[in-house]
Structure formats: structure tokens, C-alpha cells
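The file query26.txt contains compact mmCIF, C-alpha atoms:
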```
# COMPACT_ATOMS: atom_id res chain seq x y z
CA MET A 14 -50.39 16.58 -19.15
CA GLU A 15 -48.60 18.88 -16.78
CA ASN A 16 -50.15 17.11 -13.81
CA THR A 17 -48.87 13.70 -14.85
CA ASN A 18 -45.42 15.17 -15.35
CA LEU A 19 -45.53 16.64 -11.88
CA GLU A 20 -46.72 13.37 -10.38
CA ALA A 21 -43.95 11.47 -12.11
CA GLN A 22 -41.46 14.02 -10.83
CA ASN A 23 -42.80 13.70 -7.29
CA ALA A 24 -42.70 9.93 -7.50
CA SER A 25 -39.04 9.98 -8.56
CA GLN A 26 -38.26 12.43 -5.80
CA ASP A 27 -39.91 10.13 -3.25
CA LYS A 28 -37.53 7.30 -4.10
CA VAL A 29 -34.63 7.35 -1.69
CA ARG A 30 -31.57 5.19 -2.15
CA ILE A 31 -30.63 2.92 0.76
CA SER A 32 -27.36 4.84 1.05
CA GLY A 33 -29.46 7.86 2.03
CA TYR A 34 -30.80 6.16 5.17
CA ILE A 35 -27.41 4.73 6.06
CA SER A 36 -25.63 8.08 5.71
CA LEU A 37 -28.37 9.83 7.70
CA VAL A 38 -28.09 7.41 10.61
CA LEU A 39 -24.30 7.59 10.55
CA ALA A 40 -24.40 11.40 10.45
CA ILE A 41 -26.77 11.54 13.43
CA LEU A 42 -24.45 9.22 15.38
CA PHE A 43 -21.41 11.26 14.30
CA PHE A 44 -22.91 14.56 15.48
CA SER A 45 -24.64 13.07 18.55
CA GLY A 46 -21.58 13.12 20.78
CA LEU A 47 -22.30 9.54 21.91
CA PHE A 48 -18.76 8.43 21.08
CA LYS A 49 -16.98 11.52 22.36
CA ASP A 50 -15.53 9.78 25.39
CA ALA A 51 -15.74 6.25 24.00
CA GLU A 52 -13.08 3.81 25.13
CA GLY A 53 -10.90 2.40 22.37
CA PHE A 54 -11.10 3.04 18.65
CA LEU A 55 -14.74 4.26 18.49
CA LYS A 56 -13.82 7.76 19.65
CA PHE A 57 -12.85 8.59 16.04
CA PHE A 58 -16.57 8.61 15.22
CA ASP A 59 -17.31 11.94 16.86
CA PHE A 60 -17.58 15.40 15.34
CA THR A 61 -15.85 17.19 18.23
CA ASN A 62 -12.98 14.72 18.35
CA VAL A 63 -12.27 14.97 14.61
CA LEU A 64 -12.60 18.74 14.82
CA GLY A 65 -9.70 18.63 17.28
CA ALA A 66 -8.23 21.64 19.00
CA PHE A 67 -6.43 24.85 18.13
CA GLY A 68 -2.83 24.98 19.27
CA SER A 69 -1.89 26.72 22.48
CA LEU A 70 -0.42 30.20 22.08
CA GLY A 71 1.74 29.75 25.14
CA THR A 72 1.65 29.11 28.84
CA VAL A 73 1.99 31.63 31.61
CA THR A 74 3.44 30.74 34.95
CA GLU A 75 4.46 33.08 37.74
CA GLU A 76 6.59 35.88 36.26
CA ALA A 77 7.48 33.71 33.29
CA GLY A 78 5.94 32.00 30.34
CA THR A 79 6.40 30.60 26.88
CA LEU A 80 5.06 31.92 23.60
CA ALA A 81 4.26 29.95 20.46
CA ALA A 82 6.19 30.91 17.33
CA ASN A 83 3.07 32.01 15.41
CA PHE A 84 -0.70 32.13 15.59
CA ARG A 85 -1.00 28.42 14.83
CA GLY A 86 0.27 27.75 18.31
CA THR A 87 1.64 24.44 19.49
CA GLY A 88 -0.01 21.12 20.27
CA GLY A 89 -3.08 21.64 18.08
CA ALA A 90 -4.77 18.69 16.38
CA GLY A 91 -7.41 17.74 13.85
CA VAL A 92 -9.33 19.97 11.49
CA ARG A 93 -8.98 23.09 13.65
CA ASP A 94 -5.20 22.79 13.53
CA GLY A 95 -5.41 22.09 9.77
CA TRP A 96 -7.35 25.31 9.21
CA LEU A 97 -4.81 27.50 10.97
CA PHE A 98 -2.03 25.64 9.16
CA ALA A 99 -3.70 26.35 5.80
CA LEU A 100 -3.96 30.04 6.75
CA THR A 101 -0.22 30.20 7.48
CA LEU A 102 0.44 29.02 3.90
CA ALA A 103 -1.66 31.60 2.06
CA PRO A 104 0.97 34.43 2.03
CA ALA A 105 3.62 32.16 0.49
CA VAL A 106 1.26 30.99 -2.24
CA MET A 107 0.09 34.54 -2.98
CA LEU A 108 3.65 35.89 -3.19
CA ALA A 109 4.83 32.99 -5.36
CA LEU A 110 1.97 33.15 -7.83
CA GLY A 111 2.20 36.96 -7.94
CA ILE A 112 5.82 36.71 -9.02
CA VAL A 113 5.09 33.93 -11.50
CA LYS A 114 2.43 36.17 -13.05
CA ILE A 115 4.92 39.03 -13.45
CA VAL A 116 7.36 36.66 -15.16
CA GLU A 117 4.57 35.36 -17.38
CA ASP A 118 3.43 38.85 -18.37
CA MET A 119 7.03 39.88 -19.10
CA ASP A 120 7.16 37.00 -21.62
CA GLY A 121 9.36 34.87 -19.35
CA LEU A 122 7.42 31.72 -20.17
CA ARG A 123 7.67 32.42 -23.90
CA ALA A 124 11.42 32.78 -23.42
CA ALA A 125 11.41 29.36 -21.75
CA HIS A 126 9.50 28.03 -24.73
CA LYS A 127 12.12 29.42 -27.13
CA LEU A 128 15.00 27.96 -25.13
CA LEU A 129 13.33 24.56 -24.80
CA ASN A 130 12.28 24.32 -28.44
CA PRO A 131 15.41 22.72 -29.93
CA LEU A 132 15.69 20.30 -27.00
CA LEU A 133 12.26 18.68 -27.25
CA LYS A 134 12.93 16.24 -30.09
CA PRO A 135 16.27 14.84 -28.86
CA VAL A 136 15.41 14.84 -25.15
CA MET A 137 11.77 13.72 -25.23
CA GLY A 138 10.89 12.69 -28.77
CA ILE A 139 8.25 15.35 -29.33
CA PRO A 140 8.47 18.08 -32.00
CA GLY A 141 9.44 21.66 -31.16
CA ILE A 142 5.94 22.87 -31.99
CA CYS A 143 4.82 21.40 -28.64
CA GLY A 144 6.86 24.05 -26.80
CA LEU A 145 4.07 26.48 -26.04
CA ALA A 146 1.69 23.72 -24.91
CA LEU A 147 4.51 22.29 -22.82
CA VAL A 148 5.15 25.56 -21.01
CA ALA A 149 1.39 26.04 -20.52
CA SER A 150 1.09 22.52 -19.07
CA LEU A 151 3.59 23.44 -16.36
CA GLN A 152 0.98 25.89 -15.07
CA SER A 153 -2.33 24.22 -15.89
CA THR A 154 -3.01 20.61 -16.86
CA ASP A 155 -6.28 21.55 -18.52
CA THR A 156 -4.74 24.21 -20.75
CA GLY A 157 -1.82 21.95 -21.72
CA ALA A 158 -4.11 19.03 -22.55
CA GLY A 159 -6.48 21.24 -24.53
CA MET A 160 -3.60 22.63 -26.58
CA THR A 161 -2.28 19.10 -27.19
CA LYS A 162 -5.65 18.06 -28.58
CA GLU A 163 -5.53 21.05 -30.96
CA LEU A 164 -1.98 20.18 -32.05
CA PHE A 165 -3.14 16.69 -33.00
CA GLU A 166 -6.28 17.88 -34.75
CA ARG A 167 -4.23 20.34 -36.81
CA GLY A 168 -1.92 17.49 -37.80
CA ASP A 169 1.09 19.05 -36.09
CA ILE A 170 1.79 15.94 -34.01
CA THR A 171 1.17 12.23 -34.64
CA SER A 172 -0.91 9.94 -32.48
CA LYS A 173 2.26 8.44 -30.98
CA GLU A 174 3.69 11.87 -30.18
CA ARG A 175 0.41 12.77 -28.51
CA ILE A 176 0.69 9.75 -26.21
CA ILE A 177 4.30 10.67 -25.31
CA PHE A 178 3.43 14.32 -24.72
CA ALA A 179 0.13 13.93 -22.85
CA GLY A 180 0.63 10.50 -21.25
CA GLY A 181 4.30 11.02 -20.45
CA PHE A 182 5.18 14.63 -19.90
CA GLN A 183 1.82 16.07 -18.81
CA LEU A 184 0.41 13.20 -16.76
CA ASN A 185 3.55 12.98 -14.62
CA ALA A 186 3.78 15.94 -12.28
CA GLY A 187 1.01 17.78 -14.12
CA ALA A 188 0.92 21.57 -13.62
CA VAL A 189 4.09 21.11 -11.58
CA LEU A 190 4.94 24.81 -11.30
CA THR A 191 1.53 25.75 -9.88
CA ASN A 192 1.23 22.67 -7.69
CA TYR A 193 4.74 23.00 -6.29
CA LEU A 194 4.29 26.65 -5.38
CA SER A 195 0.76 26.25 -3.99
CA SER A 196 0.17 22.80 -2.45
CA GLY A 197 3.85 22.00 -2.17
CA ALA A 198 4.40 25.12 -0.06
CA ALA A 199 2.80 23.22 2.83
CA LEU A 200 5.98 21.15 3.10
CA PHE A 201 8.55 23.88 2.45
CA THR A 202 8.90 24.63 6.17
CA PHE A 203 10.10 21.08 6.80
CA LEU A 204 12.72 21.00 4.04
CA SER A 205 16.30 20.78 5.20
CA VAL A 206 17.54 21.52 1.65
CA PRO A 207 16.94 24.57 -0.59
CA VAL A 208 13.38 24.65 -1.99
CA ILE A 209 14.73 24.18 -5.53
CA VAL A 210 16.29 20.73 -4.82
CA PRO A 211 13.07 18.64 -4.67
CA LEU A 212 11.74 20.57 -7.70
CA VAL A 213 14.82 19.68 -9.74
CA ILE A 214 14.39 15.99 -8.81
CA VAL A 215 10.72 16.19 -9.83
CA LEU A 216 11.52 17.82 -13.19
CA LEU A 217 14.24 15.25 -13.83
CA PHE A 218 11.80 12.40 -13.25
CA LYS A 219 9.21 14.12 -15.40
CA VAL A 220 11.68 13.75 -18.27
CA VAL A 221 12.54 10.18 -17.22
CA ALA A 222 8.83 9.26 -17.21
CA THR A 223 8.35 10.86 -20.62
CA ASN A 224 11.17 8.71 -21.99
CA ILE A 225 9.75 5.53 -20.47
CA VAL A 226 6.44 6.36 -22.19
CA ARG A 227 8.44 7.08 -25.38
CA LEU A 228 9.93 3.59 -25.11
CA TYR A 229 6.47 2.10 -24.48
CA VAL A 230 5.06 3.90 -27.51
CA ASN A 231 7.90 2.86 -29.79
CA LYS A 232 7.94 -0.79 -28.68
CA VAL A 233 4.30 -1.53 -27.93
CA VAL A 234 2.02 0.89 -29.74
CA LYS A 235 1.32 -0.21 -33.34
CA GLU A 236 -0.52 2.65 -35.10
CA ALA A 237 1.38 5.45 -36.84
CA MET B 15 -4.92 21.43 -7.71
CA GLU B 16 -4.60 24.20 -10.24
CA THR B 17 -7.78 25.96 -11.23
CA LYS B 18 -9.55 24.93 -14.39
CA GLU B 19 -9.69 28.38 -15.95
CA LEU B 20 -8.10 28.55 -19.37
CA ASN B 21 -5.46 31.17 -20.03
CA LYS B 22 -6.56 34.17 -21.98
CA PRO B 23 -4.69 34.83 -25.24
CA ALA B 24 -1.24 36.26 -24.56
CA GLU B 25 -1.96 39.39 -26.62
CA VAL B 26 -4.57 40.56 -24.13
CA GLU B 27 -2.29 39.94 -21.14
CA LYS B 28 0.67 41.98 -22.35
CA LYS B 29 -0.67 45.42 -21.48
CA ARG B 30 -0.49 45.11 -17.68
CA ASN B 31 2.21 46.81 -15.62
CA PHE B 32 4.06 44.69 -13.09
CA ILE B 33 1.96 45.82 -10.13
CA GLU B 34 -1.22 44.75 -11.88
CA SER B 35 0.44 41.48 -12.85
CA PHE B 36 1.51 40.79 -9.28
CA VAL B 37 -1.89 41.63 -7.83
CA MET B 38 -3.58 39.42 -10.39
CA GLY B 39 -1.26 36.52 -9.62
CA ALA B 40 -1.55 37.03 -5.88
CA ARG B 41 -5.34 37.05 -6.19
CA LYS B 42 -5.13 33.74 -8.02
CA GLY B 43 -2.90 32.54 -5.18
CA PHE B 44 -5.48 33.61 -2.60
CA ASN B 45 -8.32 31.90 -4.45
CA MET B 46 -6.22 28.79 -4.81
CA SER B 47 -5.27 28.82 -1.12
CA MET B 48 -8.86 29.18 0.03
CA ASN B 49 -10.74 27.19 -2.61
CA ASN B 50 -8.29 24.39 -3.38
CA MET B 51 -5.60 24.10 -0.77
CA ALA B 52 -7.49 24.78 2.48
CA PRO B 53 -10.33 22.28 1.81
CA ASN B 54 -7.78 19.63 0.79
CA VAL B 55 -5.61 20.30 3.84
CA LEU B 56 -8.68 20.17 6.08
CA PHE B 57 -9.70 16.83 4.60
CA ALA B 58 -6.19 15.46 5.11
CA PHE B 59 -6.02 16.66 8.73
CA ALA B 60 -9.46 15.11 9.40
CA MET B 61 -8.32 11.83 7.86
CA ILE B 62 -5.10 11.72 9.89
CA GLN B 63 -7.04 12.63 13.04
CA ILE B 64 -9.49 9.76 12.39
CA LEU B 65 -6.60 7.35 11.79
CA ASN B 66 -4.90 8.49 14.99
CA LEU B 67 -8.06 8.37 17.14
CA SER B 68 -9.09 4.95 15.85
CA GLY B 69 -5.61 3.52 16.27
CA LEU B 70 -5.56 2.56 12.59
CA SER B 71 -2.41 4.60 12.02
CA THR B 72 -0.44 2.14 14.18
CA VAL B 73 -1.81 -0.78 12.15
CA ILE B 74 -1.02 0.95 8.84
CA GLY B 75 2.44 1.82 10.13
CA LYS B 76 3.13 -1.83 10.93
CA ILE B 77 1.71 -3.28 7.71
CA PHE B 78 3.40 -0.84 5.34
CA GLY B 79 6.59 -0.40 7.37
CA PRO B 80 8.72 -2.83 5.31
CA VAL B 81 7.54 -1.48 1.91
CA MET B 82 7.85 2.20 2.81
CA GLY B 83 11.19 1.44 4.44
CA ILE B 84 12.66 0.89 0.96
CA PHE B 85 12.10 4.61 0.33
CA GLY B 86 13.46 5.66 3.71
CA LEU B 87 9.93 6.28 5.03
CA PRO B 88 7.92 5.00 8.00
CA GLY B 89 4.88 2.78 7.35
CA ILE B 90 2.39 5.54 8.14
CA ALA B 91 3.65 7.38 5.03
CA ALA B 92 1.48 4.93 3.05
CA THR B 93 -1.51 7.12 3.97
CA VAL B 94 0.25 10.07 2.32
CA VAL B 95 0.81 8.01 -0.83
CA VAL B 96 -2.85 6.97 -1.05
CA ALA B 97 -4.09 10.52 -0.34
CA GLY B 98 -1.60 11.90 -2.87
CA LEU B 99 -2.73 9.56 -5.65
CA LEU B 100 -6.25 10.89 -5.19
CA SER B 101 -5.33 14.55 -4.76
CA THR B 102 -2.06 16.45 -4.64
CA GLY B 103 -3.38 18.81 -1.97
CA GLY B 104 -4.64 15.90 0.13
CA GLY B 105 -1.27 14.16 -0.03
CA VAL B 106 0.66 17.28 0.91
CA GLY B 107 -1.82 17.99 3.71
CA ALA B 108 -1.47 14.47 5.10
CA ALA B 109 2.32 14.71 4.97
CA ALA B 110 2.24 18.11 6.69
CA SER B 111 -0.06 16.79 9.40
CA LEU B 112 2.25 13.83 10.07
CA ALA B 113 5.36 16.03 10.01
CA LEU B 114 3.79 18.45 12.50
CA ASN B 115 2.98 15.49 14.78
CA GLY B 116 6.60 14.41 14.60
CA GLU B 117 5.70 11.21 12.76
CA LEU B 118 7.83 12.24 9.76
CA THR B 119 11.32 13.75 9.89
CA ASN B 120 12.26 16.75 7.74
CA PRO B 121 14.08 14.69 5.08
CA GLN B 122 11.12 12.29 4.95
CA ALA B 123 8.75 15.21 4.29
CA GLY B 124 11.03 16.20 1.38
CA ILE B 125 11.03 12.65 -0.04
CA LEU B 126 7.23 12.59 0.06
CA LEU B 127 7.04 16.04 -1.55
CA VAL B 128 8.91 14.62 -4.56
CA GLY B 129 6.62 11.57 -4.74
CA ILE B 130 3.39 13.54 -4.35
CA MET B 131 4.40 16.02 -7.04
CA LEU B 132 5.20 13.19 -9.47
CA PHE B 133 2.18 10.92 -9.01
CA GLY B 134 -0.16 13.46 -7.38
CA SER B 135 -3.81 13.46 -8.51
CA VAL B 136 -2.98 10.85 -11.16
CA PHE B 137 -6.51 9.46 -11.19
CA GLN B 138 -7.96 12.95 -11.66
CA TYR B 139 -5.44 13.72 -14.38
CA MET B 140 -6.42 10.54 -16.20
CA GLY B 141 -9.58 12.37 -17.19
CA ARG B 142 -8.27 15.91 -17.20
CA VAL B 143 -5.10 15.22 -19.22
CA LEU B 144 -5.53 11.96 -21.13
CA GLY B 145 -9.27 12.45 -21.63
CA THR B 146 -8.95 16.07 -22.74
CA ALA B 147 -6.08 15.27 -25.12
CA ASP B 148 -8.12 12.36 -26.55
CA VAL B 149 -5.52 9.66 -25.83
CA GLU B 150 -7.06 6.21 -26.52
CA SER B 151 -8.29 4.72 -23.25
CA LYS B 152 -6.55 1.38 -23.87
CA HIS B 153 -3.25 3.10 -23.01
CA TYR B 154 -4.49 4.45 -19.66
CA PRO B 155 -3.36 1.50 -17.47
CA ALA B 156 0.20 1.54 -18.87
CA LEU B 157 0.50 5.33 -18.64
CA VAL B 158 -0.85 5.49 -15.08
CA GLY B 159 1.38 2.57 -14.11
CA ILE B 160 4.46 4.34 -15.49
CA ASP B 161 3.41 7.53 -13.68
CA ILE B 162 3.14 5.83 -10.28
CA ALA B 163 6.33 3.80 -10.81
CA CYS B 164 8.26 6.98 -11.64
CA GLY B 165 6.89 8.63 -8.51
CA PHE B 166 8.29 5.81 -6.37
CA LEU B 167 11.56 5.85 -8.30
CA GLY B 168 11.77 9.60 -7.68
CA MET B 169 11.23 9.04 -3.95
CA LEU B 170 13.99 6.41 -3.91
CA VAL B 171 16.47 8.79 -5.53
CA ALA B 172 15.28 11.66 -3.31
CA SER B 173 15.84 9.51 -0.23
CA PHE B 174 19.55 9.27 -1.06
CA ILE B 175 19.86 12.97 -1.90
CA LEU B 176 17.83 14.36 1.02
CA GLY B 177 19.08 11.82 3.54
CA ARG B 178 17.37 8.77 5.04
```
Go ahead and express the file in the form of C-alpha cells.
Amino acid sequence: MENTNLEAQNASQDKVRISGYISLVLAILFFSGLFKDAEGFLKFFDFTNVLGAFGSLGTVTEEAGTLAANFRGTGGAGVRDGWLFALTLAPAVMLALGIVKIVEDMDGLRAAHKLLNPLLKPVMGIPGICGLALVASLQSTDTGAGMTKELFERGDITSKERIIFAGGFQLNAGAVLTNYLSSGAALFTFLSVPVIVPLVIVLLFKVVATNIVRLYVNKVVKEA
Amino acid sequence: METKELNKPAEVEKKRNFIESFVMGARKGFNMSMNNMAPNVLFAFAMIQILNLSGLSTVIGKIFGPVMGIFGLPGIAATVVVAGLLSTGGGVGAAASLALNGELTNPQAGILLVGIMLFGSVFQYMGRVLGTADVESKHYPALVGIDIACGFLGMLVASFILGR
């Protein structure tokens, strides 16, 4: 009995999808270096070329020289440059999330919940009881969505309100606080306006989107 | 991009002093930088490098120039939009790569930041938000459509505020 099981297992392991052979051949070509100095567009199909180069830290000429502003250097390209760029962002993300955690532990987010509570129904058409889930969803989409499911199962919100809350507020700019302070930080250096300005526009449109979904739900969706 | 861990009950979290809170948050920031952001940024830089090496970026720039122009953006910004729809980190990484190459101006990077935040990772969130909250799947197309439309609307408004 065991033997037949093993044989069946081996047989299924022997089957290789056609995509396996194709990807293997392509990978060998990609790593081979054959296209490293290719003329025209084919040079993109080379490991070393995609890997790119670290930026230069400066140039030294006789009794003079230039120095790059930071360890990323200047004139880098490709994945190598991307890696150093990602490293330059880590301190900002760590500082930002460290401070957010202090605010959270000092009940700052619960305070936000309390302040937002009376506004939810008139501004977005969802009951005040969604406040805690709403504040949680600003940090984590998964937590917000999980709490929304519970709210519906407990009968605290209707099916329509669930669509407005999850499909409107949470789907648009999900986990906006976390995403803005982590991923978004990659673009902060380029901003010519205070960091808060794009965030305010995003939050505004989060509310606009919620109201468009509210309109959709009220006009199109039939069930109660 | 945020991690999938669920928050612990608030009662348990209250007993920390602010140093412990900061260190805990900063650790989350480090994990997020290394496990979420860096791989996404690397992917985006590789993608932009491939587009540049193959010359496709010029083609994309020409094809999408008129459409992206509405939002005060060059045609190549279409790659940022596509990357952003798939993953917030990828979109931001692509925008950063283009801005570092001088292919996007500072205001344009800001416009894209608004768009990426609004419609970022929408296809992932379809499962992670709508799926988790048990929203009926027949509403998905409308909800995703509204999400993307609002992202573009946000970019249009941002282009007038941040400068075009």
C-alpha cells in the first residue's frame, strides 16, 4: 500500500509543466551574460545589466574633488541603486512608526475614534459604532476588514453599511497611515510642499470615494 | 504594504512606557522596511531598469503621453500607475526611480504619491478587504472601479495644488 502511494507520488513529481522548461531556458539565458553587450533592446535580458551599478561617492581630481551627498552616491542605476535607496528610507520609517506606536499606546487613536464618532453618520453614512474599526483600518487593512465582518455578524451594521464601510472607506487608500509613513516615505524627499499636504488630499478623497460608494449603494443595491 | 499581524487587545498594550512603545514601533518599522518596502522597491527599480534598457520606456512615454498629460504627468508615469495598482510599494518605488533619474519633477512625484496612496494595491485589497469583510463579490467591479476613478480624480486635484 505504502509502495503504491510512493510510486504515485513519484509519478506526480516527475510531471513537469511546460512553463518549467521555458522558465529554465530563459533563466539560463538571463544569467549567461550572452546579452550583456547586445546591441539594441536585447541588453535588458541580462542579469548584470538589470543589477545596475551603485552610485559614485565622488570624484577626485588634482587637489580637488566632489563628494556625493550620502552613501547612495550619484549616478547609480538598477537594483543596486534601488537597494541603497531602500536603506536610506529605513530610519524615516522606523522613527515614524515608533512615534505612531507611542501615540497609539497613549490612547491617541482611541481619542481619534471618540472625536470621529459623531461625524461618521452625517459625513459617510456609517454608524458611530464603526469608529474603532475605522481607526484600526487606517493602520492595517486586515484588522479593519476583520472588525467590519464582526460588526456585521453581530448585527451592528447592515449589509449596505458594510459595503459603504469596507468597499468605500477601507478599499480606498487602505491602511493609509501605515502606507503613507512607510512606502510613501520614498517620495517625501521629492516633495516641494509640506509632507502633510498630499496626505490631506488623500484623506479628502477617501471620504469622497466613500460617498460615491454610498450613492452607488443607495441607488443601485437592492437588499436591505 | 502593512503587515498582516492583527493588533493585540488594547488592554494588554497599555502597560508599556513610551520608550518601550517607541522601540516596538521602530522595530515594526525596521521589519516593514526590510521585508515589505525593500523587496518592492528592488522590484520597481529592476522593472524601470528593464524598461530603460529595452527602450520600452520611450514607447510607453509616447503612447501614454496624452492621457497622463491630463494629470500633469509625463507618459512614462503610466508604469507607476500600473505598478501602484498591483502594489503600493512597487508604485512608490517606480516613481522614486523615475524621479531620481530626472524623468519626473518634484511636483509630479507628489501627484503620483496621492494617486498611489488612493488606488494602491487595489487588486490585493479586493481579497484582503472586501473578501475578509464578506462583501458580495458581485459588487467588486463597481467598488474597484470607483476606487481607481477616485485615485485619478485625486491626482487631477493634486496637480492643481502641487503645480503642473
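Atom pair CA of Leu176 in chain B / CA of Gln122 in chain B: separated by 8.0 Å.
The closest residue to Val106 in chain B, picked from B:Phe59, B:Phe78, B:Gly141, B:Glu150 and counting only C-alpha atoms, is B:Phe59.
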Would you list the contacts of Gly86 in chain B as a ChimeraX atom specification, taking every protein, DNA or RNA residue within 12 Å and counting all atoms listed in the file, but skipping same-chain residues closer than 5 positions in sequence? /B:79-81,91,118-126,166,169-178
Kindly indicate which residue among A:Leu129, A:Ala158, A:Ala51, A:Val116 lies nearest to chain B, using all atoms listed in the file for the distances. A:Ala158
Return the neighbours of chain A among the residues of chain B, cut-off 7 Å, counting only C-alpha atoms, as a ChimeraX atom specification. /B:15-16,18,20,27-28,32,35-41,43-44,47,51-52,55-56,59-60,63-64,67-69,103,106,110,120-121,123-124,127-128,131-134,136,139,142-144,146-149,157,160-161,164,168
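Taking CA of Thr102 in chain B and CA of Ile130 in chain B as the two end points, the separation is 6.2 Å.
From CA of Phe67 in chain A back to CA of Ser111 in chain B, the distance works out to 13.5 Å.
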